[in-house]
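Trainee: Okay, here's the structure, questions in a sec.
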Amino acid sequence: MMLKSTVRILTNLLLYAGLLIGCSDDELEVQQAAIKETKEKIVLAYAEWTDAIATTHTIKLVLESHGYEVSMTSASINQVWAMVASGEADAMVTAWLPSTHKDYLEQYQEKIENLGPNLSGTRLGLVVPSYVQISAINELNSFSDQFNGVIHGIEPTAGLMKLTKQAIKIYQLKYQLTQNKSINMLRKLEQSIDQKKYIVVTGWTPHWKFAKFDLKYLADPKQVFGKQEFINSIINKEFSKNNPQASKIIDDFEWTTSDIAQVMVWMNKGMRPQDAANKWLSSKK
């Protein structure tokens with residue numbers, strides 16, 4: 001499923017080189033333009049989330065294997081969407097849809113192209129350690145003292161934070177939602193687990209925390225967090241028109257939750273993102 005057009009594109013590039021001999025001026029110009037495209041620079045934007053870092057570094061290596069020069073820039077997720085829409089960045093591969101980033105998609109739909117999912121089977125919600133003796137969001141108020149009346153969140157611009165605020169309102173939770181950098185939220189989660197304390201955090205799949213800790217999602221009977229999310233690839237519309245081959249490479253990239261989890265586990269153990277991505281790509285050859 002991953003990189004469905006890799007072999008086809010490499011074959012086409014070899015054909016382009018062969019066709020340079022004996023073709024007309026118009027044909028030569030077309031072939032030279034196709035080869036030139038593989039030398040163009042591409043800018044990928046991403047938010048500083050573990051899954052976003054893993055996917056962006058992986059697609060960067062894929063594009064570079066086709067001859068592109070690729071740079072990356074990180075920002076808050078609202079800035080990432082704005083950068084792709086404005087053309088400051090060419091693409092992002094970490095758009096959570098249809099629910100989490102719905103507002104961004106609607107805001108910028110005239111300037112971007114949604115290439116569809118590169119990852120299926122994702123999920124959002126409130127997460128607790130498995131030893132916590134509740135199983136649903138609507139049970140939280142009965143245990144507010146044990147949780148200190150706090151839901152530990154992440155960066156304020158994340159769509160997950162907006163959904164959590166809606167959940168607090170809809171379920172009438174007597175809780176405060178705190179804002180943290182993702183790494184700080186995870187540190188609090190680990191500290192609480194070490195001490196067998198109650199803690200509830202904003203959570204998402206894929207993430208390495210589910211491989212490291214015994215966690216569970218709280219049931220969401222009112223479906224505030226939606227049923228299932230997909231991580232989509234988004235490109236600037238002008239980039240799509242001017243770089244059809246690069247756009248297709250990005251469009252054809254797909255992987256599984258097991259694939260990305262493996263890359264994130266390596267990263268969590270101290271491997272550099274580019275090395276983890278390269279290790280995974282090498283295993284697929």
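By order of appearance in the structure tokens: chains A, B, ..., then residues from 1 within every chain, and ligands from 1 in the order shown.
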Might you pull out every residue within 12 Å of stretch 131-143 of chain A, with only C-alpha atoms counted and same-chain residues fewer than 6 positions away left off, and present them as an NGL selection string?
Mentor: :A and (125 or 149-151 or 164 or 167-176 or 192-202 or 213-225)
Trainee: Which parts of stretch 197-254 of chain A does DSSP call strand (DSSP E or B) when run on the backbone here, written out as a list of chain:residue names?
Mentor: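 Written out, the strand (DSSP E or B) residues of stretch 197-254 of chain A are A:Val201, A:Thr202, A:Gly203, A:Trp204, A:Thr205, A:Leu215, A:Lys216, A:Tyr217, A:Ala219, A:Glu229, A:Phe230, A:Ile231, A:Asn232, A:Ser233, A:Ile234, A:Ile235, A:Asn236.
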Trainee: Just the number, please: distance in Å from atom CA of A:Asn232 to atom CA of A:Thr94, one decimal.
Mentor: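 Atom-to-atom, atom CA of A:Asn232 and atom CA of A:Thr94 are spaced 5.9 Å apart.
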Trainee: Give me the stretch 203-266 of chain A side of the contact with stretch 62-86 of chain A, cut-off 9 Å, one line per residue showing its nearest atom pair and distance in Å at one decimal, counting only C-alpha atoms, sorted by chain and residue number, as CSV.
Mentor:
```
residue,atom,partner,partner_atom,distance
A:Ile234,CA,A:Val84,CA,7.8
A:Ile235,CA,A:Val84,CA,6.5
A:Asn236,CA,A:Val84,CA,5.5
A:Lys237,CA,A:Ala85,CA,8.0
A:Ala246,CA,A:Leu63,CA,7.4
A:Ile249,CA,A:Leu63,CA,7.2
A:Ile250,CA,A:Leu63,CA,7.9
A:Phe253,CA,A:Val62,CA,8.7
```
Trainee: For the residues selected in the previous step, produce a file with C-alpha atoms as a PDB file, in the first residue's frame.
Mentor:
```pdb
ATOM      1  CA  ILE A 234      -2.609  18.617   2.204  1.00  0.00           C
ATOM      2  CA  ILE A 235      -0.848  20.572  -0.558  1.00  0.00           C
ATOM      3  CA  ASN A 236      -0.988  24.103  -1.863  1.00  0.00           C
ATOM      4  CA  LYS A 237      -3.120  24.328  -5.025  1.00  0.00           C
ATOM      5  CA  ALA A 246       5.833  15.522  -6.689  1.00  0.00           C
ATOM      6  CA  ILE A 249       4.419  10.998  -4.775  1.00  0.00           C
ATOM      7  CA  ILE A 250       2.915  12.687  -1.724  1.00  0.00           C
ATOM      8  CA  PHE A 253       2.307   7.725   0.344  1.00  0.00           C
TER       9      PHE A 253
END
```
Trainee: Looking only at the backbone, which of the residues in stretch 92-272 of chain A does DSSP tag as helix (DSSP H, G or I), as a ChimeraX atom specification?
Mentor: /A:102-108,137-143,159-170,182-194,209-212,237-242,244-252,257-268
Trainee: Near A:Trp96, counting only C-alpha atoms, which residues have an atom at most 6 Å away, once you skip same-chain residues fewer than 2 positions from it, shown as an NGL selection string?
Mentor: :A and (100-101 or 230-231)
Trainee: Atom CA of A:Gly116 and atom CA of A:Ile183 are how many Å apart?
Mentor: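 Going from atom CA of A:Gly116 over to atom CA of A:Ile183 covers 28.3 Å.
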Trainee: What is the distance, in Å and to one decimal place, between atom CA of A:Met267 and atom CA of A:Glu190?
Mentor: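 Rounded to one decimal, the two atoms are 17.0 Å apart.
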Trainee: Considering only C-alpha atoms, return as a VMD selection string whatever protein or nucleic-acid residues lie within 6 Å of A:Gln179, sequence-local ones (same chain, fewer than 5 positions apart) excluded.
Mentor: chain A and resid 153 to 156
Trainee: Since we have the selection now, will you write its residues out, keeping all heavy atoms, as a PDB file, in the first residue's frame?
Mentor:
```pdb
ATOM      1  N   GLY A 153      -3.912  18.772  29.142  1.00  0.00           N
ATOM      2  CA  GLY A 153      -3.977  18.924  27.697  1.00  0.00           C
ATOM      3  C   GLY A 153      -2.624  19.176  27.075  1.00  0.00           C
ATOM      4  O   GLY A 153      -1.574  19.024  27.707  1.00  0.00           O
ATOM      5  N   ILE A 154      -2.673  19.595  25.813  1.00  0.00           N
ATOM      6  CA  ILE A 154      -1.458  19.870  25.055  1.00  0.00           C
ATOM      7  C   ILE A 154      -1.469  21.325  24.590  1.00  0.00           C
ATOM      8  O   ILE A 154      -2.050  22.185  25.253  1.00  0.00           O
ATOM      9  CB  ILE A 154      -1.307  18.888  23.873  1.00  0.00           C
ATOM     10  CG1 ILE A 154      -2.587  18.885  22.996  1.00  0.00           C
ATOM     11  CG2 ILE A 154      -1.011  17.497  24.385  1.00  0.00           C
ATOM     12  CD1 ILE A 154      -2.460  18.052  21.733  1.00  0.00           C
ATOM     13  N   GLU A 155      -0.858  21.612  23.449  1.00  0.00           N
ATOM     14  CA  GLU A 155      -0.763  22.983  22.959  1.00  0.00           C
ATOM     15  C   GLU A 155      -2.163  23.540  22.666  1.00  0.00           C
ATOM     16  O   GLU A 155      -3.028  22.829  22.128  1.00  0.00           O
ATOM     17  CB  GLU A 155       0.096  23.032  21.699  1.00  0.00           C
ATOM     18  CG  GLU A 155       1.564  22.706  21.931  1.00  0.00           C
ATOM     19  CD  GLU A 155       1.875  21.217  22.021  1.00  0.00           C
ATOM     20  OE1 GLU A 155       0.942  20.393  21.862  1.00  0.00           O
ATOM     21  OE2 GLU A 155       3.043  20.871  22.271  1.00  0.00           O
ATOM     22  N   PRO A 156      -2.401  24.808  23.002  1.00  0.00           N
ATOM     23  CA  PRO A 156      -3.755  25.374  22.910  1.00  0.00           C
ATOM     24  C   PRO A 156      -4.338  25.426  21.501  1.00  0.00           C
ATOM     25  O   PRO A 156      -5.553  25.444  21.333  1.00  0.00           O
ATOM     26  CB  PRO A 156      -3.583  26.784  23.481  1.00  0.00           C
ATOM     27  CG  PRO A 156      -2.129  27.102  23.344  1.00  0.00           C
ATOM     28  CD  PRO A 156      -1.428  25.788  23.536  1.00  0.00           C
TER      29      PRO A 156
END
```
